[in-house]
$ cat run-v8.csv   # CSV, C-alpha atoms and all ligand atoms
chain,number,residue,atom,x,y,z
A,39,MET,CA,96.0,-133.9,-108.7
A,40,ILE,CA,97.7,-132.3,-105.7
A,41,GLU,CA,97.2,-134.6,-102.7
A,42,THR,CA,97.6,-133.0,-99.2
A,43,ARG,CA,96.5,-133.8,-95.6
A,44,PHE,CA,93.5,-131.5,-96.3
A,45,THR,CA,92.4,-133.4,-99.4
A,46,GLN,CA,92.9,-136.8,-97.6
A,47,LEU,CA,91.0,-135.6,-94.5
A,48,LEU,CA,88.0,-134.5,-96.5
A,49,GLU,CA,88.2,-136.9,-99.4
A,50,ALA,CA,88.6,-134.0,-101.9
A,51,SER,CA,90.8,-134.0,-104.9
A,52,ALA,CA,91.9,-130.3,-104.9
A,53,PRO,CA,93.5,-128.5,-101.9
A,54,ILE,CA,91.1,-125.6,-102.4
A,55,GLN,CA,88.4,-124.5,-99.9
A,56,LEU,CA,85.6,-122.1,-101.0
A,57,ALA,CA,85.2,-119.5,-98.3
A,58,ALA,CA,81.7,-119.4,-96.9
A,59,MET,CA,80.2,-116.1,-98.0
A,60,PRO,CA,76.6,-115.3,-97.0
A,61,GLY,CA,74.6,-114.5,-100.1
A,62,VAL,CA,77.6,-115.2,-102.4
A,63,SER,CA,78.4,-118.9,-101.7
A,64,THR,CA,75.1,-120.1,-103.1
A,65,PRO,CA,74.3,-123.8,-103.2
A,66,SER,CA,75.2,-123.7,-107.0
A,67,LEU,CA,78.6,-122.3,-106.2
A,68,VAL,CA,79.2,-124.7,-103.3
A,69,SER,CA,78.3,-127.7,-105.4
A,70,ALA,CA,80.3,-126.4,-108.4
A,71,VAL,CA,83.5,-126.2,-106.2
A,72,ALA,CA,82.8,-129.6,-104.6
A,73,ALA,CA,82.2,-131.2,-108.1
A,74,ALA,CA,85.5,-129.7,-109.3
A,75,GLY,CA,87.3,-131.5,-106.5
A,76,GLY,CA,87.6,-128.7,-103.9
A,77,VAL,CA,85.7,-128.3,-100.6
A,78,GLY,CA,82.5,-126.1,-100.9
A,79,MET,CA,81.4,-124.3,-97.8
A,80,LEU,CA,77.8,-123.2,-97.2
A,81,PRO,CA,77.3,-120.2,-94.9
A,82,ALA,CA,74.7,-120.8,-92.2
A,83,PRO,CA,73.8,-117.4,-90.6
A,84,LEU,CA,70.2,-116.4,-90.4
A,85,MET,CA,69.0,-119.9,-91.7
A,86,SER,CA,66.5,-122.1,-89.9
A,87,ALA,CA,67.5,-125.7,-89.1
A,88,GLU,CA,64.8,-126.9,-91.6
A,89,ALA,CA,66.1,-124.6,-94.4
A,90,LEU,CA,69.7,-125.7,-93.7
A,91,ALA,CA,68.7,-129.4,-93.7
A,92,SER,CA,66.9,-129.1,-97.1
A,93,SER,CA,69.8,-127.1,-98.6
A,94,LEU,CA,72.2,-129.9,-97.5
A,95,ASP,CA,70.0,-132.6,-98.9
A,96,GLU,CA,69.8,-130.7,-102.2
A,97,LEU,CA,73.6,-130.3,-102.2
A,98,ARG,CA,74.1,-134.1,-101.6
A,99,GLU,CA,71.8,-134.8,-104.6
A,100,ARG,CA,73.8,-132.4,-106.8
A,101,THR,CA,77.3,-133.6,-106.0
A,102,SER,CA,79.2,-136.5,-104.4
A,103,GLY,CA,82.0,-134.1,-103.7
A,104,ALA,CA,83.1,-132.6,-100.4
A,105,PHE,CA,81.2,-129.8,-98.7
A,106,GLY,CA,80.7,-128.3,-95.2
A,107,VAL,CA,78.9,-125.6,-93.3
A,108,ASN,CA,80.4,-122.4,-91.8
A,109,PHE,CA,79.1,-120.9,-88.5
A,110,LEU,CA,79.9,-117.4,-87.2
A,111,ILE,CA,80.2,-117.7,-83.4
A,112,PRO,CA,78.3,-114.4,-82.7
A,113,PHE,CA,75.3,-115.8,-84.6
A,114,LEU,CA,75.6,-119.4,-83.5
A,115,ASP,CA,72.4,-121.6,-83.7
A,116,LEU,CA,73.1,-125.0,-82.0
A,117,GLU,CA,70.2,-126.7,-83.8
A,118,CYS,CA,71.8,-125.8,-87.1
A,119,VAL,CA,75.2,-127.1,-85.9
A,120,THR,CA,73.5,-130.4,-85.2
A,121,VAL,CA,72.0,-130.5,-88.7
A,122,ALA,CA,75.3,-129.6,-90.3
A,123,ALA,CA,77.2,-132.2,-88.4
A,124,ARG,CA,74.8,-134.9,-89.5
A,125,LYS,CA,74.6,-133.9,-93.1
A,126,SER,CA,78.0,-132.6,-94.1
A,127,ARG,CA,81.6,-133.6,-94.0
A,128,LEU,CA,83.0,-130.5,-92.3
A,129,VAL,CA,81.6,-128.1,-89.7
A,130,GLU,CA,83.6,-124.9,-89.4
A,131,PHE,CA,83.6,-122.0,-86.9
A,132,PHE,CA,84.9,-118.4,-87.1
A,133,TYR,CA,85.1,-115.4,-84.9
A,134,GLY,CA,85.0,-116.8,-81.4
A,135,ASP,CA,87.2,-118.7,-78.9
A,136,PRO,CA,87.6,-122.4,-79.8
A,137,ASP,CA,85.2,-124.4,-77.7
A,138,PRO,CA,86.0,-128.0,-76.9
A,139,GLN,CA,82.3,-128.9,-76.1
A,140,LEU,CA,81.2,-127.6,-79.5
A,141,VAL,CA,84.0,-129.6,-81.2
A,142,GLU,CA,83.0,-132.7,-79.3
A,143,HIS,CA,79.3,-132.3,-80.2
A,144,VAL,CA,80.2,-132.1,-83.9
A,145,HIS,CA,82.5,-135.1,-83.7
A,146,SER,CA,79.9,-137.2,-81.9
A,147,LEU,CA,77.6,-136.7,-84.9
A,148,GLY,CA,80.3,-137.8,-87.4
A,149,ALA,CA,81.7,-134.6,-89.1
A,150,ARG,CA,85.2,-133.1,-89.0
A,151,VAL,CA,85.7,-129.7,-87.3
A,152,SER,CA,87.7,-126.7,-88.5
A,153,TRP,CA,88.3,-123.3,-86.9
A,154,GLN,CA,89.3,-120.2,-88.9
A,155,VAL,CA,91.8,-118.3,-86.7
A,156,GLY,CA,93.7,-115.0,-86.8
A,157,SER,CA,96.5,-115.6,-84.3
A,158,LEU,CA,99.0,-118.3,-83.1
A,159,ALA,CA,97.2,-118.4,-79.7
A,160,GLU,CA,93.9,-119.1,-81.3
A,161,ALA,CA,95.4,-121.8,-83.6
A,162,ILE,CA,96.9,-123.6,-80.5
A,163,ALA,CA,93.5,-123.2,-78.7
A,164,ALA,CA,91.7,-124.7,-81.7
A,165,GLU,CA,94.0,-127.7,-81.8
A,166,ARG,CA,93.7,-128.2,-78.0
A,167,ALA,CA,89.9,-128.0,-78.4
A,168,GLY,CA,90.1,-131.0,-80.7
A,169,CYS,CA,89.8,-129.5,-84.2
A,170,ASP,CA,90.8,-131.6,-87.1
A,171,LEU,CA,92.2,-128.6,-89.0
A,172,VAL,CA,92.7,-124.9,-88.7
A,173,VAL,CA,92.4,-122.1,-91.2
A,174,ALA,CA,95.1,-119.4,-90.8
A,175,GLN,CA,93.5,-116.1,-91.9
A,176,GLY,CA,95.9,-113.3,-92.8
A,177,THR,CA,94.9,-109.6,-92.7
A,178,GLU,CA,94.9,-109.6,-96.5
A,179,ALA,CA,91.6,-111.4,-96.4
A,180,GLY,CA,88.3,-110.1,-97.7
A,181,GLY,CA,85.3,-110.0,-95.4
A,182,HIS,CA,85.6,-110.1,-91.7
A,183,VAL,CA,89.2,-110.3,-90.5
A,184,ARG,CA,90.0,-112.0,-87.2
A,185,GLY,CA,93.6,-111.1,-86.5
A,186,GLN,CA,96.4,-108.5,-87.0
A,187,THR,CA,99.1,-110.4,-88.8
A,188,SER,CA,99.5,-110.9,-92.6
A,189,LEU,CA,99.3,-114.4,-94.0
A,190,LEU,CA,102.9,-115.5,-94.4
A,191,PRO,CA,104.2,-114.7,-90.9
A,192,LEU,CA,101.0,-116.1,-89.4
A,193,LEU,CA,101.2,-119.2,-91.4
A,194,SER,CA,104.8,-119.9,-90.5
A,195,GLU,CA,104.3,-119.5,-86.8
A,196,ILE,CA,101.1,-121.6,-86.8
A,197,LEU,CA,102.8,-124.4,-88.9
A,198,GLY,CA,105.6,-124.4,-86.4
A,199,ALA,CA,103.3,-124.9,-83.5
A,200,VAL,CA,100.4,-127.2,-84.4
A,201,GLN,CA,100.2,-130.8,-85.7
A,202,VAL,CA,96.9,-130.6,-87.5
A,203,PRO,CA,96.7,-129.6,-91.2
A,204,VAL,CA,96.6,-125.9,-91.8
A,205,VAL,CA,94.7,-124.1,-94.6
A,206,ALA,CA,95.9,-120.7,-95.6
A,207,ALA,CA,93.5,-117.8,-96.2
A,208,GLY,CA,93.8,-114.2,-97.3
A,209,GLY,CA,95.0,-112.8,-100.6
A,210,ILE,CA,95.1,-116.0,-102.5
A,211,ALA,CA,93.7,-115.8,-106.0
A,212,THR,CA,96.2,-117.3,-108.5
A,213,ALA,CA,98.0,-120.6,-109.0
A,214,ARG,CA,101.3,-118.8,-108.0
A,215,ASP,CA,99.7,-117.9,-104.7
A,216,LEU,CA,98.4,-121.4,-104.2
A,217,ALA,CA,101.8,-122.9,-105.0
A,218,ALA,CA,103.4,-120.5,-102.5
A,219,VAL,CA,101.3,-121.5,-99.6
A,220,LEU,CA,101.6,-125.2,-100.3
A,221,ALA,CA,105.3,-124.8,-100.6
A,222,SER,CA,105.3,-123.1,-97.2
A,223,GLY,CA,103.7,-126.2,-95.7
A,224,ALA,CA,100.0,-125.3,-95.8
A,225,SER,CA,97.7,-128.2,-96.8
A,226,GLY,CA,95.3,-126.1,-98.8
A,227,ALA,CA,94.1,-122.6,-99.6
A,228,ARG,CA,90.8,-121.0,-98.7
A,229,ILE,CA,89.6,-118.6,-101.3
A,230,GLY,CA,86.9,-116.0,-101.1
A,231,THR,CA,87.2,-112.9,-103.2
A,232,ARG,CA,88.1,-114.7,-106.4
A,233,PHE,CA,85.0,-116.9,-106.1
A,234,VAL,CA,82.8,-113.8,-105.7
A,235,ALA,CA,83.4,-113.4,-109.4
A,236,ALA,CA,82.5,-117.1,-110.2
A,237,ALA,CA,79.6,-117.5,-112.7
A,238,GLU,CA,77.6,-119.4,-110.0
A,239,SER,CA,78.2,-116.7,-107.3
A,240,GLY,CA,75.2,-114.9,-105.8
A,241,ALA,CA,76.9,-111.5,-105.7
A,242,HIS,CA,75.2,-108.6,-107.4
A,243,PRO,CA,76.6,-107.9,-110.9
A,244,SER,CA,77.7,-104.4,-109.9
A,245,TYR,CA,79.6,-105.8,-106.9
A,246,VAL,CA,81.4,-108.2,-109.2
A,247,LYS,CA,82.2,-105.4,-111.7
A,248,ALA,CA,83.6,-103.3,-108.9
A,249,LEU,CA,85.9,-106.2,-107.9
A,250,ILE,CA,87.1,-106.7,-111.5
A,251,ASP,CA,87.9,-103.0,-111.8
A,252,ALA,CA,89.7,-102.8,-108.4
A,253,SER,CA,93.2,-103.7,-107.2
A,254,ALA,CA,94.7,-104.3,-103.7
A,255,PRO,CA,95.2,-100.6,-102.7
A,256,ASP,CA,91.5,-100.0,-103.4
A,257,THR,CA,90.7,-102.2,-100.3
A,258,CYS,CA,90.9,-101.3,-96.6
A,259,LEU,CA,90.4,-102.8,-93.2
A,260,THR,CA,87.6,-100.9,-91.4
A,261,GLU,CA,84.8,-101.3,-88.9
A,262,ALA,CA,82.5,-99.1,-91.0
A,263,PHE,CA,79.9,-101.7,-92.0
A,264,SER,CA,78.9,-102.5,-88.4
A,265,VAL,CA,75.0,-102.5,-88.4
A,266,MET,CA,74.1,-106.0,-87.1
A,267,TRP,CA,77.7,-106.9,-86.2
A,268,PRO,CA,79.6,-104.1,-84.4
A,269,ASN,CA,83.3,-104.1,-83.4
A,270,ALA,CA,84.3,-106.6,-86.0
A,271,PRO,CA,87.0,-105.4,-88.5
A,272,HIS,CA,86.4,-106.3,-92.2
A,273,ARG,CA,88.1,-105.6,-95.5
A,274,VAL,CA,86.0,-103.9,-98.2
A,275,LEU,CA,86.5,-101.8,-101.3
A,276,ARG,CA,87.2,-98.3,-100.0
A,277,SER,CA,84.8,-96.9,-102.6
A,278,SER,CA,81.8,-98.5,-100.7
A,279,ILE,CA,82.6,-96.6,-97.5
A,280,ALA,CA,82.9,-93.3,-99.5
A,281,ALA,CA,79.6,-94.0,-101.3
A,282,ALA,CA,77.8,-94.9,-98.0
A,283,GLU,CA,79.2,-91.7,-96.3
A,284,GLU,CA,77.5,-89.6,-99.0
A,285,LEU,CA,74.0,-91.0,-98.1
A,286,PRO,CA,71.8,-89.9,-95.3
A,287,GLU,CA,71.3,-92.4,-92.4
A,288,GLY,CA,68.5,-95.0,-92.9
A,289,VAL,CA,67.5,-97.6,-95.4
A,290,ILE,CA,69.5,-97.7,-98.6
A,291,GLY,CA,68.0,-100.8,-100.3
A,292,GLU,CA,66.2,-104.1,-99.8
A,293,ILE,CA,67.3,-107.8,-100.0
A,294,ARG,CA,65.2,-110.9,-100.3
A,295,LEU,CA,66.1,-113.4,-97.5
A,296,GLY,CA,64.2,-116.7,-97.3
A,297,GLY,CA,61.4,-115.2,-99.5
A,298,LYS,CA,61.0,-112.1,-97.4
A,299,ALA,CA,62.0,-108.5,-98.3
A,300,VAL,CA,64.4,-107.2,-95.6
A,301,PRO,CA,65.5,-103.5,-95.5
A,302,VAL,CA,69.2,-102.9,-95.9
A,303,GLN,CA,70.4,-100.1,-93.5
A,304,ARG,CA,73.3,-97.8,-94.4
A,305,PHE,CA,76.5,-99.5,-93.1
A,306,SER,CA,74.7,-102.9,-92.7
A,307,VAL,CA,77.0,-106.0,-92.8
A,308,ILE,CA,74.9,-107.5,-95.6
A,309,CYS,CA,76.6,-107.5,-99.0
A,310,PRO,CA,74.6,-107.0,-102.2
A,311,THR,CA,73.4,-110.1,-104.0
A,312,THR,CA,71.3,-110.7,-107.1
A,313,GLU,CA,68.3,-110.5,-104.7
A,314,THR,CA,69.3,-106.9,-103.6
A,315,VAL,CA,67.9,-103.6,-105.0
A,316,GLY,CA,68.9,-100.1,-104.0
A,317,ASN,CA,72.2,-98.3,-103.7
A,318,ILE,CA,74.5,-101.3,-104.4
A,319,GLU,CA,77.7,-99.3,-104.6
A,320,ALA,CA,77.2,-98.0,-101.0
A,321,MET,CA,76.7,-101.5,-99.5
A,322,ALA,CA,79.5,-103.7,-98.0
A,323,LEU,CA,81.6,-104.6,-101.0
A,324,TYR,CA,83.9,-107.1,-99.2
A,325,ALA,CA,87.2,-107.7,-101.0
A,326,GLY,CA,90.6,-109.1,-100.1
A,327,GLU,CA,93.9,-107.9,-101.4
A,328,SER,CA,93.5,-110.8,-103.8
A,329,VAL,CA,91.1,-108.5,-105.8
A,330,THR,CA,94.1,-107.5,-107.9
A,331,ASN,CA,93.9,-110.9,-109.5
A,332,VAL,CA,90.1,-111.0,-110.0
A,333,ARG,CA,90.0,-110.1,-113.7
A,334,ARG,CA,86.8,-111.7,-115.2
A,335,VAL,CA,83.8,-113.9,-114.4
A,336,GLN,CA,84.6,-117.6,-114.8
A,337,PRO,CA,82.8,-120.8,-113.9
A,338,ALA,CA,84.0,-122.2,-110.6
A,339,GLN,CA,85.1,-125.4,-112.2
A,340,SER,CA,87.5,-123.4,-114.5
A,341,ILE,CA,88.9,-121.4,-111.6
A,342,VAL,CA,89.6,-124.6,-109.7
A,343,SER,CA,91.2,-126.4,-112.7
A,344,GLU,CA,93.3,-123.4,-113.7
A,345,LEU,CA,94.6,-123.0,-110.1
A,346,ILE,CA,95.4,-126.7,-109.8
A,347,SER,CA,97.1,-127.3,-113.1
A,348,ASP,CA,99.2,-124.1,-113.0
A,349,ALA,CA,100.1,-124.6,-109.3
A,350,GLU,CA,101.4,-128.1,-110.2
A,351,ASP,CA,103.7,-126.4,-112.8
A,352,ALA,CA,104.8,-123.7,-110.4
A,353,LEU,CA,105.6,-126.3,-107.7
A,354,ASN,CA,107.6,-128.4,-110.2
A,355,ARG,CA,109.5,-125.3,-111.3
A,356,ALA,CA,110.2,-124.4,-107.6
A,357,ALA,CA,111.6,-127.9,-107.1
A,358,VAL,CA,114.2,-127.5,-109.8
B,401,LIG,C1,82.1,-111.6,-99.3
B,401,LIG,C2,82.8,-112.4,-98.2
B,401,LIG,C3,82.1,-112.9,-97.1
B,401,LIG,C4,82.7,-113.6,-96.1
B,401,LIG,N1,82.0,-114.2,-95.1
B,401,LIG,C5,82.6,-115.0,-94.2
B,401,LIG,C6,81.8,-115.8,-93.3
B,401,LIG,O1,80.5,-115.7,-93.3
B,401,LIG,N2,82.4,-116.7,-92.6
B,401,LIG,C7,83.8,-116.9,-92.6
B,401,LIG,O2,84.3,-117.8,-91.9
B,401,LIG,N3,84.5,-116.2,-93.4
B,401,LIG,C8,84.0,-115.3,-94.2
B,401,LIG,N4,84.8,-114.5,-95.1
B,401,LIG,C9,86.2,-114.6,-95.0
B,401,LIG,C10,86.8,-115.9,-95.7
B,401,LIG,O3,86.5,-117.0,-94.9
B,401,LIG,C11,88.3,-115.8,-96.0
B,401,LIG,O4,89.0,-115.7,-94.8
B,401,LIG,C12,88.7,-114.8,-97.0
B,401,LIG,O5,87.8,-114.7,-98.1
B,401,LIG,C13,90.1,-115.1,-97.6
B,401,LIG,O6,90.6,-114.0,-98.3
B,401,LIG,P1,90.3,-113.7,-99.9
B,401,LIG,O7,89.0,-113.0,-99.9
B,401,LIG,O8,91.4,-112.8,-100.2
B,401,LIG,O9,90.3,-115.0,-100.6
B,401,LIG,C14,84.1,-113.8,-96.1
B,401,LIG,C15,84.9,-113.2,-97.2
B,401,LIG,C16,84.3,-112.5,-98.2
B,401,LIG,C17,85.1,-112.0,-99.4
$ encode --input "run-v8.csv" --output "structure tokens" --more "lines below"
Ligand SMILES: Cc1cc2nc3c(=O)[nH]c(=O)nc-3n(C[C@H](O)[C@H](O)[C@H](O)COP(=O)(O)O)c2cc1C
Amino acid sequence: MIETRFTQLLEASAPIQLAAMPGVSTPSLVSAVAAAGGVGMLPAPLMSAEALASSLDELRERTSGAFGVNFLIPFLDLECVTVAARKSRLVEFFYGDPDPQLVEHVHSLGARVSWQVGSLAEAIAAERAGCDLVVAQGTEAGGHVRGQTSLLPLLSEILGAVQVPVVAAGGIATARDLAAVLASGASGARIGTRFVAAAESGAHPSYVKALIDASAPDTCLTEAFSVMWPNAPHRVLRSSIAAAEELPEGVIGEIRLGGKAVPVQRFSVICPTTETVGNIEAMALYAGESVTNVRRVQPAQSIVSELISDAEDALNRAAV
């Protein structure tokens, strides 16, 4: 057990937050992380309020652990925010200016609020807007990247400026990494890429294999996968850009979303899942620099328990 302000706030037992990853953070993965003592985050984009409500009811039946819902500001659906605030412990926002009215709305329905930020100014704005915690995302992170500073300098400046608990995100995959950010003063770690290779993940097996075979220099920050979400930098495997560049413009595959087949355009933001067919290698293969430490597929529970027990040892050693 590593108790922090993050675990206390959300009544969790492990200072680990699963990153919300559309198509990857399935209800099975969210509930497995929550059952293991971490905080599972369900992604909400492109979901109806009814579908979100039934997913959250199903999650509550599967686990008594901590879970929340993540919203991307450019795709915000207020009806879904209301459902999430009523039916989960944590409502979280990313990729937009912290909004006091939105925070107040969630608080009035009983949930805690978090904002994932990429700069000191955004962290201060999130605290002023009333957020209960902030997630400091460094540029090492996989998926969409908000700021321009790598994790440790960003974390230090944010920890020096805000009073609310701070969760560190970007490049964290091992117990050593977790111990390092906790020793720096973070209250938890938000982990994405390593959980893409969890047994319960919804990622396409070829995407998972590409992560296992890759290391940090194989990733890059780009704006290449911009169809549906332009001007938003993201970190992917470089190989996916090269593979997409070789293909003609147009549809390169198909994904099932809410029971419907949806075409995947070349350079679409959609990453390949078990429900995707087509040219998987040329789709957005999001990966953080943490990919270096993604070595095999493991159940989420064993990822969480390995991180916690080895981080405790690392922290004890650091104290000597
Ligand atoms: C496949 C993938 C999808 C992501 N989608 C989202 C998202 O929808 N919302 C969000 O807040 N963050 C998203 N992120 C970013 C994560 O929240 C987090 O900052 C990042 O995963 C941390 O870096 P790591 O991948 O090295 O662990 C995504 C990350 C990945 C890898």
$ residues_near_ligand --input "run-v8.csv" --ligand "ligand LIG 401 (chain B)" --cutoff "7 Å" --atoms "only C-alpha atoms and all ligand atoms" --output "PDB file with C-alpha atoms, in the coordinates of the input"
ATOM      1  CA  ALA A  57      85.200-119.500 -98.300  1.00  0.00           C
ATOM      2  CA  ALA A  58      81.700-119.400 -96.900  1.00  0.00           C
ATOM      3  CA  MET A  59      80.200-116.100 -98.000  1.00  0.00           C
ATOM      4  CA  PRO A  60      76.600-115.300 -97.000  1.00  0.00           C
ATOM      5  CA  VAL A  62      77.600-115.200-102.400  1.00  0.00           C
ATOM      6  CA  PRO A  81      77.300-120.200 -94.900  1.00  0.00           C
ATOM      7  CA  ASN A 108      80.400-122.400 -91.800  1.00  0.00           C
ATOM      8  CA  PHE A 109      79.100-120.900 -88.500  1.00  0.00           C
ATOM      9  CA  LEU A 110      79.900-117.400 -87.200  1.00  0.00           C
ATOM     10  CA  PHE A 131      83.600-122.000 -86.900  1.00  0.00           C
ATOM     11  CA  PHE A 132      84.900-118.400 -87.100  1.00  0.00           C
ATOM     12  CA  GLN A 154      89.300-120.200 -88.900  1.00  0.00           C
ATOM     13  CA  GLN A 175      93.500-116.100 -91.900  1.00  0.00           C
ATOM     14  CA  GLU A 178      94.900-109.600 -96.500  1.00  0.00           C
ATOM     15  CA  ALA A 179      91.600-111.400 -96.400  1.00  0.00           C
ATOM     16  CA  GLY A 180      88.300-110.100 -97.700  1.00  0.00           C
ATOM     17  CA  GLY A 181      85.300-110.000 -95.400  1.00  0.00           C
ATOM     18  CA  HIS A 182      85.600-110.100 -91.700  1.00  0.00           C
ATOM     19  CA  VAL A 183      89.200-110.300 -90.500  1.00  0.00           C
ATOM     20  CA  ALA A 207      93.500-117.800 -96.200  1.00  0.00           C
ATOM     21  CA  GLY A 208      93.800-114.200 -97.300  1.00  0.00           C
ATOM     22  CA  GLY A 209      95.000-112.800-100.600  1.00  0.00           C
ATOM     23  CA  ILE A 210      95.100-116.000-102.500  1.00  0.00           C
ATOM     24  CA  ALA A 211      93.700-115.800-106.000  1.00  0.00           C
ATOM     25  CA  ARG A 228      90.800-121.000 -98.700  1.00  0.00           C
ATOM     26  CA  ILE A 229      89.600-118.600-101.300  1.00  0.00           C
ATOM     27  CA  GLY A 230      86.900-116.000-101.100  1.00  0.00           C
ATOM     28  CA  THR A 231      87.200-112.900-103.200  1.00  0.00           C
ATOM     29  CA  ARG A 232      88.100-114.700-106.400  1.00  0.00           C
ATOM     30  CA  VAL A 234      82.800-113.800-105.700  1.00  0.00           C
ATOM     31  CA  CYS A 309      76.600-107.500 -99.000  1.00  0.00           C
ATOM     32  CA  TYR A 324      83.900-107.100 -99.200  1.00  0.00           C
ATOM     33  CA  ALA A 325      87.200-107.700-101.000  1.00  0.00           C
ATOM     34  CA  GLY A 326      90.600-109.100-100.100  1.00  0.00           C
ATOM     35  CA  GLU A 327      93.900-107.900-101.400  1.00  0.00           C
ATOM     36  CA  SER A 328      93.500-110.800-103.800  1.00  0.00           C
TER      37      SER A 328
END
$ closest_residue --input "run-v8.csv" --among "A:Glu88, A:Glu165, A:Glu142, A:Glu313" --to "Pro243 (chain A)" --atoms "all atoms listed in the file"
A:Glu313
$ closest_residue --input "run-v8.csv" --among "A:Val246, A:Leu259, A:Gly75, A:Glu319" --to "Ser277 (chain A)" --atoms "only C-alpha atoms"
A:Glu319
$ residues_around --input "run-v8.csv" --residues "Leu128 (chain A)" --least-positions-apart "3" --cutoff "6 Å" --atoms "all atoms listed in the file" --output "ChimeraX atom specification"
/A:106,149-151
$ atom_distance --input "run-v8.csv" --atom1 "CA of Glu283 (chain A)" --atom2 "CA of Phe263 (chain A)"
10.9 Å
$ closest_residue --input "run-v8.csv" --among "A:Ala237, A:Ala338, A:Ala122, A:Ala270" --to "His145 (chain A)" --atoms "only C-alpha atoms"
A:Ala122
$ closest_residue --input "run-v8.csv" --among "A:Ser152, A:Thr177, A:Thr312, A:Ser66" --to "Pro271 (chain A)" --atoms "all atoms listed in the file"
A:Thr177
$ atom_distance --input "run-v8.csv" --atom1 "CA of Val121 (chain A)" --atom2 "CA of Arg100 (chain A)"
18.3 Å
$ residues_around --input "run-v8.csv" --residues "Val265 (chain A)" --least-positions-apart "2" --cutoff "7 Å" --atoms "all atoms listed in the file" --output "PyMOL selection string"
chain A and resi 263+267-268+305-307
$ atom_distance --input "run-v8.csv" --atom1 "CA of Ser239 (chain A)" --atom2 "CA of Ala74 (chain A)"
15.0 Å
